[in-house]
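What follows is a single structure, written as structure tokens, with notes after it.
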Amino acid sequence: MSKVTIATAPCSWGVWYADGTPSGTPWNVFLDQAAAAGYKALELGPDGYLPTDEDVLREELTRRSLDVCSGTCCYQFDRYASFDDFRAPVDALCKRLTAFGAKYLVAMDESDVGLYSEKKADFPAEVWNNFLEKIRLMGEFTKNEYGVEVVYHPHIKTMIETEAEIERLMDYTGLRLCFDTGHHAYVNGNGERGETSAIDFMKKYADKMAYLHFKNVDFDVFRTVREQNLDSDTAFDRDVMCDLRDGIIDFNALRDTIEEIGFEGIGVIEQDMPRATTEQAFAAARRNLDYLREIHLID
């Protein structure tokens, strides 16, 4: 049977940036509630949200019995001339990850050139290659210097979101994925209950599934988003990402797919709730963990 190590992340408490916004959840509250909800591991989240001093962070995690499974780096890659321009923060983050025995660095683009802005189909090969080369070099650097694997997170409203773009990234960089089921279904699915785009992609590229983000999409909210052509920021404000049991992805089928492809690794439960109170986030984190146990995706 495949073995999934479950973790959580600050984004499930509405923390997308180092200052704790948009929710404003204090980092110590996040740690307290993550541990109380039953989680044993976490992504560090936005660099600088949790303490960056290794000794301080170790003390805070140890007394809550929490481990670090990965770091997170979010950059506007298109604004840099080369990897050298952001090598220093990547280096500092990898040093911290190595100190905690973490082997993954989740990389996400913040370029904001997605579905509701510029037409990426019109970008020449030079633009794409320049963008992808920086990511390729980052992955090469972290692996060679620290033994940390960059796993790329395709994300709504960025350079890498459609299946064709994901394939282009994998072909050029050779990187494996942090595959987010909700983001994939939002961009590439049909929006119907039981839709299978994420599951189909996982089967097609089983060897690229290094790391998973478990997320689901609310049918009614997403239908309104499509009918009214709303942007993704509005969709997130309306809680388009919902409890795992309630969305358009059938998580029983996803569980079977994880077994079929023999996935063994980290699965981070995520539910982006930018307006949630800490108590709402805490309750959702517990519900989602209980649900994965209920369907026997985890023990």
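So you can find residues: chains in the structure tokens are A, B, ... in the order shown, residues in each start at 1, and ligands are numbered from 1 in order.
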What lies within 9 Å of segment 80-88 of chain A using only C-alpha atoms, ignoring chain neighbours under 5 positions off, as a PDB file with N, CA, C and O atoms, in the first residue's frame?
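Saved to part.pdb:
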ATOM      1  N   TYR A  75       8.489  33.438  -6.161  1.00  0.00           N
ATOM      2  CA  TYR A  75       9.166  34.575  -6.780  1.00  0.00           C
ATOM      3  C   TYR A  75       8.472  34.959  -8.085  1.00  0.00           C
ATOM      4  O   TYR A  75       7.842  34.127  -8.733  1.00  0.00           O
ATOM      5  N   LEU A  93      17.463  29.717   2.465  1.00  0.00           N
ATOM      6  CA  LEU A  93      16.344  28.828   2.763  1.00  0.00           C
ATOM      7  C   LEU A  93      16.787  27.368   2.753  1.00  0.00           C
ATOM      8  O   LEU A  93      16.388  26.579   3.619  1.00  0.00           O
ATOM      9  N   ASN A 130      13.798  31.811 -21.349  1.00  0.00           N
ATOM     10  CA  ASN A 130      14.435  32.635 -20.330  1.00  0.00           C
ATOM     11  C   ASN A 130      13.795  32.384 -18.963  1.00  0.00           C
ATOM     12  O   ASN A 130      14.489  32.259 -17.943  1.00  0.00           O
ATOM     13  N   PHE A 131      12.487  32.279 -18.949  1.00  0.00           N
ATOM     14  CA  PHE A 131      11.757  32.006 -17.709  1.00  0.00           C
ATOM     15  C   PHE A 131      12.128  30.633 -17.153  1.00  0.00           C
ATOM     16  O   PHE A 131      12.460  30.483 -15.969  1.00  0.00           O
ATOM     17  N   GLU A 133      14.702  28.667 -17.827  1.00  0.00           N
ATOM     18  CA  GLU A 133      16.113  28.453 -17.541  1.00  0.00           C
ATOM     19  C   GLU A 133      16.454  28.842 -16.105  1.00  0.00           C
ATOM     20  O   GLU A 133      17.242  28.163 -15.431  1.00  0.00           O
ATOM     21  N   LYS A 134      15.855  29.912 -15.616  1.00  0.00           N
ATOM     22  CA  LYS A 134      16.113  30.329 -14.231  1.00  0.00           C
ATOM     23  C   LYS A 134      15.636  29.267 -13.253  1.00  0.00           C
ATOM     24  O   LYS A 134      16.304  28.985 -12.245  1.00  0.00           O
ATOM     25  N   ILE A 135      14.504  28.668 -13.548  1.00  0.00           N
ATOM     26  CA  ILE A 135      13.962  27.625 -12.678  1.00  0.00           C
ATOM     27  C   ILE A 135      14.826  26.364 -12.763  1.00  0.00           C
ATOM     28  O   ILE A 135      15.095  25.701 -11.755  1.00  0.00           O
ATOM     29  N   LEU A 137      18.011  26.204 -13.409  1.00  0.00           N
ATOM     30  CA  LEU A 137      19.258  26.448 -12.691  1.00  0.00           C
ATOM     31  C   LEU A 137      19.049  26.438 -11.182  1.00  0.00           C
ATOM     32  O   LEU A 137      19.920  25.979 -10.432  1.00  0.00           O
ATOM     33  N   MET A 138      17.904  26.930 -10.733  1.00  0.00           N
ATOM     34  CA  MET A 138      17.594  26.877  -9.304  1.00  0.00           C
ATOM     35  C   MET A 138      17.531  25.426  -8.837  1.00  0.00           C
ATOM     36  O   MET A 138      18.088  25.077  -7.786  1.00  0.00           O
ATOM     37  N   PHE A 141      20.982  23.943  -8.687  1.00  0.00           N
ATOM     38  CA  PHE A 141      21.742  24.479  -7.547  1.00  0.00           C
ATOM     39  C   PHE A 141      21.330  23.819  -6.238  1.00  0.00           C
ATOM     40  O   PHE A 141      22.189  23.361  -5.465  1.00  0.00           O
TER      41      PHE A 141
END
Next on the checklist: Can you pull out every residue from segment 141-273 of chain A that DSSP, working from the backbone, puts in strand (DSSP E), and format the result as a PyMOL selection string?
Outcome noted: chain A and resi 149-152+176-180+209-214+216-217+241-242+265-269
Item to check | All helix (DSSP H, G or I) positions in segment 103-148 of chain A, as a list in words | outcome: Lys120, Ala121, Asp122, Ala125, Glu126, Val127, Trp128, Asn129, Asn130, Phe131, Leu132, Glu133, Lys134, Ile135, Arg136, Leu137, Met138, Gly139, Glu140, Phe141, Thr142, Lys143, Asn144, Glu145 and Tyr146 of chain A
Take the residues from that selection and put them in a file with N, CA, C and O atoms, as a compact mmCIF listing (two decimals), in the first residue's frame.
# COMPACT_ATOMS: atom_id res chain seq x y z
N LYS A 120 -0.48 34.28 -22.81
CA LYS A 120 0.83 33.62 -22.85
C LYS A 120 1.07 32.90 -24.16
O LYS A 120 2.21 32.65 -24.53
N ALA A 121 0.02 32.55 -24.86
CA ALA A 121 0.17 31.87 -26.14
C ALA A 121 0.95 32.73 -27.13
O ALA A 121 1.56 32.21 -28.08
N ASP A 122 0.96 34.05 -26.90
CA ASP A 122 1.65 34.96 -27.81
C ASP A 122 3.12 35.17 -27.43
O ASP A 122 3.85 35.82 -28.17
N ALA A 125 9.32 31.98 -28.05
CA ALA A 125 10.10 30.94 -27.38
C ALA A 125 11.18 31.54 -26.49
O ALA A 125 11.50 30.99 -25.43
N GLU A 126 11.72 32.68 -26.87
CA GLU A 126 12.78 33.32 -26.09
C GLU A 126 12.29 33.67 -24.68
O GLU A 126 13.02 33.50 -23.70
N VAL A 127 11.06 34.17 -24.59
CA VAL A 127 10.50 34.53 -23.28
C VAL A 127 10.33 33.29 -22.42
O VAL A 127 10.69 33.25 -21.24
N TRP A 128 9.77 32.24 -23.03
CA TRP A 128 9.57 31.00 -22.28
C TRP A 128 10.90 30.40 -21.83
O TRP A 128 11.04 29.99 -20.68
N ASN A 129 11.86 30.34 -22.72
CA ASN A 129 13.14 29.72 -22.38
C ASN A 129 13.88 30.50 -21.30
O ASN A 129 14.51 29.90 -20.42
N ASN A 130 13.80 31.81 -21.35
CA ASN A 130 14.43 32.64 -20.33
C ASN A 130 13.80 32.38 -18.96
O ASN A 130 14.49 32.26 -17.94
N PHE A 131 12.49 32.28 -18.95
CA PHE A 131 11.76 32.01 -17.71
C PHE A 131 12.13 30.63 -17.15
O PHE A 131 12.46 30.48 -15.97
N LEU A 132 12.10 29.62 -18.00
CA LEU A 132 12.32 28.25 -17.56
C LEU A 132 13.78 27.98 -17.19
O LEU A 132 14.06 27.16 -16.31
N GLU A 133 14.70 28.67 -17.83
CA GLU A 133 16.11 28.45 -17.54
C GLU A 133 16.45 28.84 -16.10
O GLU A 133 17.24 28.16 -15.43
N LYS A 134 15.85 29.91 -15.62
CA LYS A 134 16.11 30.33 -14.23
C LYS A 134 15.64 29.27 -13.25
O LYS A 134 16.30 28.99 -12.24
N ILE A 135 14.50 28.67 -13.55
CA ILE A 135 13.96 27.62 -12.68
C ILE A 135 14.83 26.36 -12.76
O ILE A 135 15.10 25.70 -11.75
N ARG A 136 15.27 26.03 -13.97
CA ARG A 136 16.14 24.86 -14.14
C ARG A 136 17.42 25.02 -13.34
O ARG A 136 17.85 24.09 -12.63
N LEU A 137 18.01 26.20 -13.41
CA LEU A 137 19.26 26.45 -12.69
C LEU A 137 19.05 26.44 -11.18
O LEU A 137 19.92 25.98 -10.43
N MET A 138 17.90 26.93 -10.73
CA MET A 138 17.59 26.88 -9.30
C MET A 138 17.53 25.43 -8.84
O MET A 138 18.09 25.08 -7.79
N GLY A 139 16.84 24.58 -9.60
CA GLY A 139 16.76 23.16 -9.24
C GLY A 139 18.10 22.48 -9.23
O GLY A 139 18.39 21.64 -8.36
N GLU A 140 18.92 22.82 -10.19
CA GLU A 140 20.27 22.25 -10.26
C GLU A 140 21.10 22.68 -9.05
O GLU A 140 21.81 21.87 -8.45
N PHE A 141 20.98 23.94 -8.69
CA PHE A 141 21.74 24.48 -7.55
C PHE A 141 21.33 23.82 -6.24
O PHE A 141 22.19 23.36 -5.46
N THR A 142 20.05 23.75 -5.95
CA THR A 142 19.60 23.21 -4.66
C THR A 142 19.94 21.72 -4.53
O THR A 142 20.29 21.25 -3.45
N LYS A 143 19.86 21.01 -5.65
CA LYS A 143 20.17 19.58 -5.62
C LYS A 143 21.66 19.34 -5.41
O LYS A 143 22.07 18.52 -4.57
N ASN A 144 22.48 20.07 -6.16
CA ASN A 144 23.92 19.85 -6.10
C ASN A 144 24.54 20.36 -4.79
O ASN A 144 25.45 19.73 -4.24
N GLU A 145 24.04 21.48 -4.30
CA GLU A 145 24.64 22.10 -3.12
C GLU A 145 24.09 21.54 -1.81
O GLU A 145 24.81 21.45 -0.81
N TYR A 146 22.81 21.15 -1.80
CA TYR A 146 22.17 20.79 -0.53
C TYR A 146 21.43 19.46 -0.55
O TYR A 146 20.94 19.02 0.49
Item to check | Selection near Pro10 of chain A, 12 Å with only C-alpha atoms, sequence-local residues under 3 positions removed, as a PyMOL selection string | outcome: chain A and resi 7+13-34+41-50+71-72+268-274+278+281-282+285
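Residue neighbourhood of Tyr205 of chain A, excluding near-sequence residues (fewer than 4 positions): Glu167, Arg176, Leu177, Asp200, Phe201, Met209 and Ile261 of chain A, at 10 Å, using only C-alpha atoms.
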Checklist entry - What is the atom CA of Asn252 of chain A to atom CA of Cys11 of chain A distance in Å? => result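 Computed distance, atom CA of Asn252 of chain A to atom CA of Cys11 of chain A, equals 24.1 Å.
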Checklist entry - Could you pull the residues within 9 Å of segment 107-110 of chain A, counting only C-alpha atoms, minus those fewer than 5 positions along the same chain, as a list of chain:residue names? => result A:Gly71, A:Thr72, A:Cys73, A:Cys74, A:Tyr75, A:Gln76, A:Phe77, A:Asp78, A:Ile135, A:Val150, A:Val151, A:Tyr152, A:His153, A:Pro154, A:His155, A:Lys157, A:Thr158, A:Met159, A:Ile160, A:Cys178
Item to check | Proximity to Asp239 of chain A - best of A:Gly194, A:Thr98, A:Asn216, A:Glu161, only C-alpha atoms | outcome: A:Asn216
Checklist outcome for this item: With distances taken over only C-alpha atoms, the candidate from A:His184, A:Glu264, A:Asn229, A:Lys215 nearest Asp246 of chain A is A:Lys215
Item to check | Counting only C-alpha atoms, the option among A:His183, A:Asn190, A:Ala99, A:Asp243 closest to Arg286 of chain A | outcome: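 For Arg286 of chain A, the nearest of the given residues is A:Asp243.
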